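Trainee: My questions all concern the structure below.
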Amino acid sequence: MAKGEVASVKLTTTAIAIVEAFEADAGAGLEQMDKSDFALPFLKALTNNSDEIGVVEGAMPGMIFNTVTQELFDGKKGLVVVPTAYVRQYIEWAPRGSGSSGAPVQIYSATSDILSRTHRISGDNKDYLDNGNYIENTANHYVMVVSEDGIPTPALIVMKSTQLKKSRKWNSMMMSVKLMGKNGPYTPPIYSQMYRLTTLQESNDKGKWYGWEIERIGSIPSEQIASVYMPAKQFAESVCRGEVKVKHESENIESDANIPF
């Protein structure tokens, strides 16, 4: 055996030993942390006036941005996600420049009658309360993002304003999935399916922006049941139990650019 081959064997043996050590100590240091100690990433389709443009290096309109990892993804290539849960809310915001903290004033459930207490101002498509704040109909899609190496991580996609129609389309796609079981066709859990999310430029007479495009890939492959399906199911159950906390923040998206619904 040549000297180079001996060195290669030793290096490989060392690398295996390191991986085994890492796995043996899996999770060490995280024992005192619970779900309230973690920030849930938002996935954003960057548009021309997104806060990240000119601030995050390499950020361009049409890219997809992870607010926690600060990663940027090609909007044309997109991301593979597994939907896990859907929650619709009405969020009350103070107008920009009013000295607010950027956090919601109040969050109402989808069954609230809050919209009945709002009014429209001529030339403005927001629903205003008498106190000057406005209400946004907000669709929250909780997902697991599946990386190219098959590792799933949780995230949240918020759709509002012009993107509500995309949310409804996605919900319809999920509802229409049917698989054949021993007792006939059935609707599988939404976290059994994989989708590719990309971005596409949209426009109207007010301007241009980037919105979501959603394409169903198909069911999670059998070899990824343990690595993707089970974590997605666990995340869905956590959302349903109310264990996943979301920190909504005001952002410059199309709804703030006077683009009509």
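Starting from 1 in every chain, residues are counted up; chains themselves are A, B, ... following the order of the structure tokens, and ligands are numbered from 1 as listed.
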Residues of stretch 92-197 of chain A within 12 Å of stretch 40-63 of chain A: nearest atom pair and distance (Å, one decimal) for each, counting only C-alpha atoms, sorted by chain and number, as a Markdown table?
Mentor:
```
| residue | atom | partner | partner_atom | distance |
| --- | --- | --- | --- | --- |
| A:Asn140 | CA | A:Phe42 | CA | 10.1 |
| A:His141 | CA | A:Phe42 | CA | 10.0 |
| A:Tyr142 | CA | A:Phe42 | CA | 9.4 |
| A:Val143 | CA | A:Leu43 | CA | 9.6 |
| A:Met144 | CA | A:Pro41 | CA | 10.5 |
| A:Val145 | CA | A:Leu43 | CA | 9.5 |
| A:Thr153 | CA | A:Pro41 | CA | 9.2 |
| A:Pro154 | CA | A:Leu40 | CA | 7.1 |
| A:Ala155 | CA | A:Pro41 | CA | 4.8 |
| A:Leu156 | CA | A:Phe42 | CA | 4.8 |
| A:Ile157 | CA | A:Leu43 | CA | 5.3 |
| A:Val158 | CA | A:Phe42 | CA | 7.5 |
| A:Met159 | CA | A:Lys44 | CA | 9.3 |
| A:Lys160 | CA | A:Lys44 | CA | 11.8 |
| A:Gln163 | CA | A:Ala45 | CA | 10.5 |
| A:Leu197 | CA | A:Ala45 | CA | 9.9 |
```
Trainee: Pull C-alpha atoms from the residues just selected and write them as a PDB file, in the first residue's frame.
Mentor:
```
ATOM      1  CA  ASN A 140     -50.127  30.997   8.505  1.00  0.00           C
ATOM      2  CA  HIS A 141     -48.699  27.905   6.813  1.00  0.00           C
ATOM      3  CA  TYR A 142     -46.446  25.893   9.130  1.00  0.00           C
ATOM      4  CA  VAL A 143     -44.029  23.737   7.139  1.00  0.00           C
ATOM      5  CA  MET A 144     -40.951  21.569   7.322  1.00  0.00           C
ATOM      6  CA  VAL A 145     -38.309  22.662   4.824  1.00  0.00           C
ATOM      7  CA  THR A 153     -36.385  21.987   9.607  1.00  0.00           C
ATOM      8  CA  PRO A 154     -39.510  23.852  10.774  1.00  0.00           C
ATOM      9  CA  ALA A 155     -40.535  27.233   9.369  1.00  0.00           C
ATOM     10  CA  LEU A 156     -43.555  29.462   8.865  1.00  0.00           C
ATOM     11  CA  ILE A 157     -44.872  31.013   5.664  1.00  0.00           C
ATOM     12  CA  VAL A 158     -47.201  33.963   6.191  1.00  0.00           C
ATOM     13  CA  MET A 159     -49.544  34.858   3.349  1.00  0.00           C
ATOM     14  CA  LYS A 160     -51.693  37.980   3.315  1.00  0.00           C
ATOM     15  CA  GLN A 163     -51.009  36.172  -1.462  1.00  0.00           C
ATOM     16  CA  LEU A 197     -42.364  26.568  -3.508  1.00  0.00           C
TER      17      LEU A 197
END
```
Trainee: Can you pull out every residue from stretch 53-230 of chain A that DSSP, working from the backbone, puts in strand (DSSP E or B), and format the result as a ChimeraX atom specification?
Mentor: /A:64-66,72-73,79-93,106-109,119,127-128,134-146,152-160,179-181,184-186,193-204,207-219
Trainee: Each residue of stretch 57-99 of chain A lying at most 12 Å from stretch 113-132 of chain A should get a row with its shortest atom-to-atom pair and the distance in Å to one decimal, counting only C-alpha atoms; could you produce that, ordered by chain and increasing number, as a Markdown table?
Mentor:
```
| residue | atom | partner | partner_atom | distance |
| --- | --- | --- | --- | --- |
| A:Gln89 | CA | A:Ile114 | CA | 10.6 |
| A:Tyr90 | CA | A:Ile114 | CA | 7.8 |
| A:Ile91 | CA | A:Ile114 | CA | 9.7 |
| A:Glu92 | CA | A:Leu129 | CA | 8.8 |
| A:Trp93 | CA | A:Gly132 | CA | 9.2 |
| A:Ala94 | CA | A:Gly132 | CA | 7.3 |
| A:Pro95 | CA | A:Gly132 | CA | 7.4 |
| A:Arg96 | CA | A:Gly132 | CA | 11.0 |
| A:Ser98 | CA | A:Gly132 | CA | 9.9 |
```
Trainee: Using DSSP assignments from the backbone, pull out every residue in stretch 9-257 of chain A that falls under helix (DSSP H, G or I) and give it to me as an MDAnalysis selection string.
Mentor: chainID A and resid 9:24 35:37 114:117 161:176 190:192 222:240 254:257
Trainee: Which polymer residues have any atom within 12 Å of an atom of A:Gly150, counting only C-alpha atoms, with same-chain residues fewer than 4 positions away left out, as a list of chain:residue names?
Mentor: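 Listed by chain and then number, they are A:Leu79, A:Val80, A:Val81, A:Val82, A:Met144, A:Val145, A:Val146, A:Met194, A:Ile220, A:Pro221, A:Glu223, A:Gln224, A:Ile225, A:Ala226, A:Ser227, A:Val228, A:Tyr229, A:Pro231.
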Trainee: Print the selection's residues with C-alpha atoms to a file, as a JSON list (two decimals), in the first residue's frame.
Mentor:
```
[["chain", "number", "residue", "atom", "x", "y", "z"],
["A", 79, "LEU", "CA", -37.58, 25.00, -1.83],
["A", 80, "VAL", "CA", -39.13, 21.63, -1.06],
["A", 81, "VAL", "CA", -41.51, 21.81, 1.90],
["A", 82, "VAL", "CA", -43.92, 19.56, 3.74],
["A", 144, "MET", "CA", -40.95, 21.57, 7.32],
["A", 145, "VAL", "CA", -38.31, 22.66, 4.82],
["A", 146, "VAL", "CA", -36.55, 19.61, 3.38],
["A", 194, "MET", "CA", -44.15, 17.35, -0.53],
["A", 220, "ILE", "CA", -43.05, 11.52, 0.94],
["A", 221, "PRO", "CA", -40.96, 8.54, -0.28],
["A", 223, "GLU", "CA", -37.33, 5.78, 2.67],
["A", 224, "GLN", "CA", -38.02, 9.21, 4.25],
["A", 225, "ILE", "CA", -40.87, 8.17, 6.56],
["A", 226, "ALA", "CA", -38.62, 8.17, 9.63],
["A", 227, "SER", "CA", -36.48, 11.17, 8.69],
["A", 228, "VAL", "CA", -39.13, 13.51, 7.25],
["A", 229, "TYR", "CA", -42.69, 12.26, 7.83],
["A", 231, "PRO", "CA", -40.71, 14.99, 12.38]]
```
Trainee: Go through A:Ser147, A:Leu200, A:Ala24, A:Val105 and flag the residue nearest A:Glu249, using only C-alpha atoms for the distances.
Mentor: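 Closest candidate: A:Val105.
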Trainee: What is the distance, in Å and to one decimal place, between atom CA of A:Ser203 and atom CA of A:Arg168?
Mentor: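 Calculated distance between atom CA of A:Ser203 and atom CA of A:Arg168 is 19.3 Å.
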Trainee: Point out the residue among A:Thr138, A:Thr187, A:Thr84, A:Ser176 with the least atom-to-atom distance to A:Met230, counting only C-alpha atoms.
Mentor: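 Among the listed residues, A:Thr84 lies closest to A:Met230.
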